Structures are given as C-alpha cells and as structure tokens.
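Below is one structure, written out as structure tokens; comments come after it.
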Amino acid sequence: MGVAGWKNAGKTTLVVGLVTAFVARGLSVATVKHAHHGFDVDHPGTDSHRHRQAGAGQTALVSARRVALMKELASPDEEPSLADVLAALDPADVVVVEGWKREPIPKVEVRRREAARHDPLHPADPAVVAIAADHPVEASVPTFSLDEIDRLADYLLTLRP
C-alpha cells in the first residue's frame, strides 16, 4: 500500500501511524521510503563511512539487532525500481511504501493545508484508493481525517488480496 502526497503533507506521520496500527493488529510490516534528494544513513567518523570514502561500492553494516546494506550508485539511472526494492524485502503481511507517487500501486493520498503543493493526485490517478486530509475533501474514494489512523488501517486491510 502506498502513501503519497506533496512535501510537508504529512506522509511520514501517516506511515508511522499506519505501521503502529498494523503491528498492533499482529501483522508483520515492512516499509519502503523514496527520497528525492541525496541522503546518507552513514556518518563521518564511523568505520563504515570510512570504508565508503575509501571507495567501497557496497558496505554492509551488521549487528545482532539489524543489518544495513549501502550501495553507491554511479548515476541516477541506476536507481532501482520499486519492484526491485520490493523483491529484495523479506516477506511481510503488509508493505507500506512512502513516496513513489507516480507508481501504479494502490495508495492513500495525503493532503494538508501546509503542504508545499496542493494540486491533487486524485481523481487523475486511478490508483488512489483513499484520501487522508486535515480538511474536508469531496472525492469519489473514501476520505479520512489525518487522525483517523485506526479507521484508515481497517479500510486498507479490506483491500488486501
């Protein structure tokens, strides 16, 4: 299930709420987040950062609690597709995808008055299955207040194959 919207619409807050709601229902959850800008999960001074700075194309950071694999891409053309990322995940009951607003996956559109843009995804995007907003919205899909996380989670679970 995707969560999409413009910058500052509240996507991450909604994803965190949905993950919490799904986990509370006993489901295993994986998430995928798309970043439109350069990001780094590694920091100067750490051993793994030094490995990457030395030229390692891939660096795995492994402990008894988590694993992180960082891969340097030579160009933006190497960015993996959503399908590639999903295929690499371990099986989960629910996968919540943040971003990838143009992907043809079922998604919740998030709208907030404080968002960077206000042009709606729905109704032009037929993959939008619901809208969560901080203001009243007229739409042909179910609409939810941003604070109706449990109600939205219940609805989304009815859409699972």
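Residues are named by chain letter and number: chains run A, B, ... in the order of the structure tokens, numbers start at 1 in each chain, and ligands are numbered from 1 in the order shown.
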If you run DSSP on the backbone, which residues of region 13-104 of chain A are alpha helix (DSSP H), as a list in words? Thr13, Leu14, Val15, Val16, Gly17, Leu18, Val19, Thr20, Ala21, Phe22, Val23, Ala24, Asp47, Ser48, His49, Arg50, His51, Arg52, Gln53, Ala54, Leu82, Ala83, Asp84, Val85, Leu86, Ala87 and Ala88 of chain A
Find the nearest atom pair between each residue of region 2-82 of chain A and region 102-121 of chain A for residues within 9 Å, count only C-alpha atoms, give distances in Å to one decimal, sort rows by chain and ascending number, and present the table as JSON lines.
```
{"residue": "A:Gly2", "atom": "CA", "partner": "A:Lys107", "partner_atom": "CA", "distance": 4.1}
{"residue": "A:Val3", "atom": "CA", "partner": "A:Val108", "partner_atom": "CA", "distance": 4.8}
{"residue": "A:Ala4", "atom": "CA", "partner": "A:Glu109", "partner_atom": "CA", "distance": 5.0}
{"residue": "A:Gly5", "atom": "CA", "partner": "A:Val110", "partner_atom": "CA", "distance": 5.0}
{"residue": "A:Trp6", "atom": "CA", "partner": "A:Arg117", "partner_atom": "CA", "distance": 5.9}
{"residue": "A:Lys7", "atom": "CA", "partner": "A:Ala116", "partner_atom": "CA", "distance": 5.3}
{"residue": "A:Asn8", "atom": "CA", "partner": "A:Ala115", "partner_atom": "CA", "distance": 4.5}
{"residue": "A:Ala9", "atom": "CA", "partner": "A:Ala115", "partner_atom": "CA", "distance": 4.5}
{"residue": "A:Gly10", "atom": "CA", "partner": "A:Val110", "partner_atom": "CA", "distance": 6.6}
{"residue": "A:Lys11", "atom": "CA", "partner": "A:Val110", "partner_atom": "CA", "distance": 6.2}
{"residue": "A:Leu14", "atom": "CA", "partner": "A:Val110", "partner_atom": "CA", "distance": 8.1}
{"residue": "A:Leu82", "atom": "CA", "partner": "A:Glu103", "partner_atom": "CA", "distance": 8.1}
```
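When DSSP is run on the backbone, the residues of region 16-106 of chain A that fall into strand (DSSP E or B) are Val29, Ala30, Thr31, Val32, Lys33, Gln58, Thr59, Ala60, Leu61, Val62, Val67, Ala68, Leu69, Met70, Lys71, Val94, Val95, Val96, Val97 and Glu98 of chain A.
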Please report the interatomic distance between CA of Asp40 (chain A) and CA of Leu61 (chain A) in Å with one decimal. 13.6 Å
Pairwise distance, CA of Ser81 (chain A) with CA of Ala21 (chain A), equals 27.3 Å
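For the set A:His122, A:Asp154, A:Gly38, A:Leu89, the residue with the smallest atom-to-atom gap to Ser140 (chain A) is A:His122, counting only C-alpha atoms.
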Please list as JSON, numbers by chain every residue within 10 Å of Val141 (chain A), counting only C-alpha atoms and excluding residues in the same chain fewer than 5 positions away. {"A": [108, 122, 123, 126, 128, 129, 130, 131]}
Residue neighbourhood Lys71 (chain A), 12 Å, only C-alpha atoms, exclusion window fewer than 6 positions, as a PyMOL selection string: chain A and resi 40-42+48-49+51-52+55-61+78-80
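Proximity of A:Leu69, A:Ala54, A:Ala153, A:Ala74 to Ala88 (chain A), computed with only C-alpha atoms, is greatest for A:Leu69.
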May I have the residues within 9 Å of Leu27 (chain A) as number ranges by chain, using only C-alpha atoms and disregarding those fewer than 3 positions away in the same chain? A: 22-24, 92-94
Env of Val95 (chain A): 7 Å cut, atoms = only C-alpha atoms, seq-sep filter 3 positions within chain, self excluded. Answer as a list in words. Met1, Val29, Ala30, Thr31 and Ala92 of chain A
Put those residues in a file: N, CA and C atoms, as a compact mmCIF listing (two decimals), in the first residue's frame.
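So the final result, stored in out11.txt, reads:
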```txt
# COMPACT_ATOMS: atom_id res chain seq x y z
N MET A 1 0.85 -1.17 0.00
CA MET A 1 0.00 0.00 0.00
C MET A 1 0.89 1.23 0.00
N VAL A 29 5.20 -5.94 9.29
CA VAL A 29 5.17 -4.79 8.39
C VAL A 29 6.59 -4.48 7.90
N ALA A 30 6.68 -4.17 6.62
CA ALA A 30 7.91 -3.64 6.04
C ALA A 30 7.57 -2.27 5.45
N THR A 31 8.53 -1.39 5.39
CA THR A 31 8.30 -0.09 4.77
C THR A 31 9.39 0.18 3.74
N ALA A 92 6.37 -10.02 4.25
CA ALA A 92 5.68 -9.31 5.32
C ALA A 92 4.19 -9.35 5.02
```
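Straight-line separation from CA of Tyr155 (chain A) to CA of Arg25 (chain A): 13.2 Å.
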Could you list, as a PyMOL selection string, every residue within 7 Å of Phe144 (chain A), counting only C-alpha atoms and ignoring same-chain residues fewer than 4 positions away? chain A and resi 131-133+148+152
